[in-house]
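Below is one structure; the comments refer to it alone.
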Amino acid sequence: MSEVLSFHFDVDGNDFTCAGQASVQVKKNLRRLGLSPETIRRVSIAMYEGEINMVIHAGGGHAEVRVAQDAIEIILEDKGPGIADIEKAMQAGYSTAPDTIRSLGFGAGMGLPNMKRYTDSLDIQSTVGVGTRIVMRVNLDN
Amino acid sequence: MKICKIQELLDARVLVGEEDLGKHVYSACGSDMMSDVLAFVKDQAVLVTGLVNVQVIRTAEMMDMVCVVFVRDKQPTEEMLRLAKECGIVVLASKKRMYEACGILYSNGLVGNKLKEPTA
Ligand SMILES: Nc1ncnc2c1ncn2[C@@H]1O[C@H](COP(=O)(O)OP(=O)(O)O)[C@@H](O)[C@H]1O
Ligand SMILES: [Mg+2]
């Protein structure tokens, strides 16, 4: 995969109102590259869900988006509590989000399933007490 | 339906996007749960919501929506309005409640969509 462009973001874990800023910026950047609206939307939604997760579950982290000839890769890394049972976390409706988060409109347990749905591949590496690394890929059929 | 028709039907104030009121939209959804909007909505152009925080605008932007209607006369923050403007999203505010607002729009021809279950 020959790399063309990459974007980096520090995702602030202390301020819920900032969650999603990186995704909005990525969407802008991808529009400028002239990618198809469908591709841009898939990347945006998947990244936004991941970014929100980093903020509400992991205290923030680092996001990187790589745009190559054949695919867009979204890499999300955090030093949060990690995910003990990834299979369980992937189930629709499973959520450990507190009610405070739910009152803000999130925490329905649909984020990870949604990230899987909107991408061509989703890989989660997580170690309890160490952190989580998620790599998502959206193929470009050009 | 033109966005100006939504404004008229809901007796709404235009907070952002006066210049885009002539745009046509064909479907809408109503929710206070952005997680559900992100997971279940497909191609709806209008989001009717009673939730007021900046994530509402970001969610609409991620979903390529063109109009957000705040019900119960909720007043969005300056930051929300600024972001909506930047994203080209029309923002309306109506005194009506969620149920009524959605009912009015629906009965005037602005449909919802088939609920598409995530296949993951
Ligand atoms: N980056 C992360 N770090 C730690 N736990 C996470 C992370 N992302 C997701 N999780 C766990 O997986 C669960 C399911 O995530 P998700 O499907 O996005 O639902 P929600 O965010 O609505 O809870 C979360 O409730 C949380 O327990
Ligand atoms: Mg989530």
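Order determines the names: the first chain of the structure tokens is A, the second B, and so forth; residues in each chain are numbered 1 upward, and ligands are numbered 1 upward as they are shown.
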Sorted by chain and rising residue number, list the residues of region 4-113 of chain A at most 12 Å from region 82-101 of chain B (counting only C-alpha atoms), each with its closest atom pair and distance in Å to one decimal, as a Markdown table.
| residue | atom | partner | partner_atom | distance |
| --- | --- | --- | --- | --- |
| A:Cys18 | CA | B:Leu83 | CA | 11.9 |
| A:Gly20 | CA | B:Leu83 | CA | 11.8 |
| A:Gln21 | CA | B:Leu83 | CA | 10.2 |
| A:Val24 | CA | B:Cys87 | CA | 9.0 |
| A:Gln25 | CA | B:Cys87 | CA | 10.6 |
| A:Lys27 | CA | B:Cys87 | CA | 10.3 |
| A:Lys28 | CA | B:Cys87 | CA | 9.1 |
| A:Arg31 | CA | B:Cys87 | CA | 11.9 |
Legend entry - Near-ligand residues for ligand 2, threshold 7 Å, only C-alpha atoms and all ligand atoms, as a ChimeraX atom specification: /A:49-50,52-53,106-107,109-112
Inset, instruction - as JSON, numbers by chain, list the residues of chain B assigned to alpha helix (DSSP H) by DSSP on the backbone atoms of this structure. - result: {"B": [3, 4, 5, 6, 7, 8, 9, 34, 35, 36, 37, 38, 39, 40, 54, 55, 56, 57, 58, 59, 60, 61, 62, 78, 79, 80, 81, 82, 83, 84, 85, 86, 87, 98, 99, 100, 101, 102, 103, 104, 105, 106, 107]}
Legend entry - Nearby residues, ligand 1, 8 Å, only C-alpha atoms and all ligand atoms, as a PyMOL selection string: (chain A and resi 49-50+52-58+77-78+80-83+86+88-97+106-114+131-133) or (chain B and resi 35)
Inset, instruction - Measuring atom to atom with only C-alpha atoms, identify which of A:Glu38, A:Asp10, A:Asp141, A:Asp123 is nearest to chain B. - result: A:Glu38
Legend entry - DSSP-assigned strand (DSSP E or B) among chain B, expressed as a ChimeraX atom specification: /B:2,13-16,24,27-30,46-49,67-70,90-93,111
Save the residues we just selected, N, CA, C and O atoms, as an mmCIF file, in the first residue's frame?
data_model
loop_
_atom_site.group_PDB
_atom_site.id
_atom_site.type_symbol
_atom_site.label_atom_id
_atom_site.label_comp_id
_atom_site.auth_asym_id
_atom_site.auth_seq_id
_atom_site.Cartn_x
_atom_site.Cartn_y
_atom_site.Cartn_z
ATOM 1 N N LYS B 2 -39.322 21.481 0.366
ATOM 2 C CA LYS B 2 -38.276 22.487 0.560
ATOM 3 C C LYS B 2 -38.102 22.748 2.055
ATOM 4 O O LYS B 2 -39.053 22.651 2.831
ATOM 5 N N ARG B 13 -37.919 29.093 13.800
ATOM 6 C CA ARG B 13 -36.968 30.174 13.532
ATOM 7 C C ARG B 13 -35.771 29.595 12.781
ATOM 8 O O ARG B 13 -35.367 28.451 13.027
ATOM 9 N N VAL B 14 -35.224 30.395 11.880
ATOM 10 C CA VAL B 14 -34.021 29.969 11.164
ATOM 11 C C VAL B 14 -32.814 30.534 11.895
ATOM 12 O O VAL B 14 -32.652 31.743 11.994
ATOM 13 N N LEU B 15 -31.967 29.624 12.415
ATOM 14 C CA LEU B 15 -30.810 30.094 13.179
ATOM 15 C C LEU B 15 -29.551 30.128 12.321
ATOM 16 O O LEU B 15 -28.661 30.936 12.538
ATOM 17 N N VAL B 16 -29.490 29.231 11.350
ATOM 18 C CA VAL B 16 -28.365 29.195 10.411
ATOM 19 C C VAL B 16 -28.886 28.733 9.058
ATOM 20 O O VAL B 16 -29.739 27.844 8.987
ATOM 21 N N HIS B 24 -34.153 21.110 -1.450
ATOM 22 C CA HIS B 24 -35.157 20.061 -1.317
ATOM 23 C C HIS B 24 -34.650 18.919 -0.444
ATOM 24 O O HIS B 24 -33.511 18.494 -0.568
ATOM 25 N N SER B 27 -36.512 13.058 3.147
ATOM 26 C CA SER B 27 -36.824 12.205 4.294
ATOM 27 C C SER B 27 -36.208 12.786 5.556
ATOM 28 O O SER B 27 -35.303 13.616 5.489
ATOM 29 N N ALA B 28 -36.715 12.333 6.684
ATOM 30 C CA ALA B 28 -36.251 12.878 7.961
ATOM 31 C C ALA B 28 -36.240 11.795 9.026
ATOM 32 O O ALA B 28 -36.806 10.717 8.832
ATOM 33 N N CYS B 29 -35.588 12.091 10.144
ATOM 34 C CA CYS B 29 -35.653 11.178 11.280
ATOM 35 C C CYS B 29 -35.704 12.008 12.548
ATOM 36 O O CYS B 29 -35.295 13.161 12.564
ATOM 37 N N GLY B 30 -36.239 11.423 13.603
ATOM 38 C CA GLY B 30 -36.318 12.121 14.873
ATOM 39 C C GLY B 30 -35.669 11.291 15.950
ATOM 40 O O GLY B 30 -36.023 10.119 16.129
ATOM 41 N N VAL B 46 -32.882 15.258 7.139
ATOM 42 C CA VAL B 46 -33.275 16.149 8.234
ATOM 43 C C VAL B 46 -33.252 15.396 9.559
ATOM 44 O O VAL B 46 -33.765 14.278 9.652
ATOM 45 N N LEU B 47 -32.656 16.005 10.570
ATOM 46 C CA LEU B 47 -32.648 15.429 11.910
ATOM 47 C C LEU B 47 -33.476 16.311 12.831
ATOM 48 O O LEU B 47 -33.179 17.489 13.011
ATOM 49 N N VAL B 48 -34.531 15.736 13.390
ATOM 50 C CA VAL B 48 -35.351 16.441 14.370
ATOM 51 C C VAL B 48 -34.918 15.935 15.739
ATOM 52 O O VAL B 48 -34.923 14.725 15.985
ATOM 53 N N THR B 49 -34.523 16.854 16.626
ATOM 54 C CA THR B 49 -33.990 16.402 17.913
ATOM 55 C C THR B 49 -34.279 17.369 19.052
ATOM 56 O O THR B 49 -34.465 18.564 18.827
ATOM 57 N N CYS B 67 -30.131 19.464 7.311
ATOM 58 C CA CYS B 67 -30.913 20.329 8.188
ATOM 59 C C CYS B 67 -31.122 19.685 9.556
ATOM 60 O O CYS B 67 -31.424 18.501 9.651
ATOM 61 N N VAL B 68 -30.936 20.467 10.607
ATOM 62 C CA VAL B 68 -31.229 20.010 11.971
ATOM 63 C C VAL B 68 -32.336 20.893 12.535
ATOM 64 O O VAL B 68 -32.255 22.118 12.455
ATOM 65 N N VAL B 69 -33.373 20.245 13.066
ATOM 66 C CA VAL B 69 -34.468 20.982 13.702
ATOM 67 C C VAL B 69 -34.445 20.718 15.204
ATOM 68 O O VAL B 69 -34.569 19.563 15.632
ATOM 69 N N PHE B 70 -34.267 21.759 15.991
ATOM 70 C CA PHE B 70 -34.346 21.608 17.445
ATOM 71 C C PHE B 70 -35.775 21.866 17.884
ATOM 72 O O PHE B 70 -36.367 22.880 17.521
ATOM 73 N N VAL B 90 -28.388 23.674 7.698
ATOM 74 C CA VAL B 90 -29.434 24.606 8.107
ATOM 75 C C VAL B 90 -29.885 24.244 9.521
ATOM 76 O O VAL B 90 -30.097 23.067 9.824
ATOM 77 N N VAL B 91 -30.024 25.238 10.390
ATOM 78 C CA VAL B 91 -30.494 24.972 11.754
ATOM 79 C C VAL B 91 -31.803 25.726 12.007
ATOM 80 O O VAL B 91 -31.871 26.943 11.838
ATOM 81 N N LEU B 92 -32.821 24.961 12.383
ATOM 82 C CA LEU B 92 -34.122 25.540 12.710
ATOM 83 C C LEU B 92 -34.442 25.271 14.171
ATOM 84 O O LEU B 92 -33.997 24.274 14.738
ATOM 85 N N ALA B 93 -35.239 26.152 14.779
ATOM 86 C CA ALA B 93 -35.706 25.926 16.147
ATOM 87 C C ALA B 93 -37.211 26.128 16.186
ATOM 88 O O ALA B 93 -37.728 27.144 15.723
ATOM 89 N N VAL B 111 -41.222 11.634 4.496
ATOM 90 C CA VAL B 111 -41.234 10.280 5.048
ATOM 91 C C VAL B 111 -40.004 10.000 5.890
ATOM 92 O O VAL B 111 -39.017 10.719 5.842
#
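Coordinates place CA of Asp43 (chain B) at a distance of 12.1 Å from CA of Glu61 (chain B).
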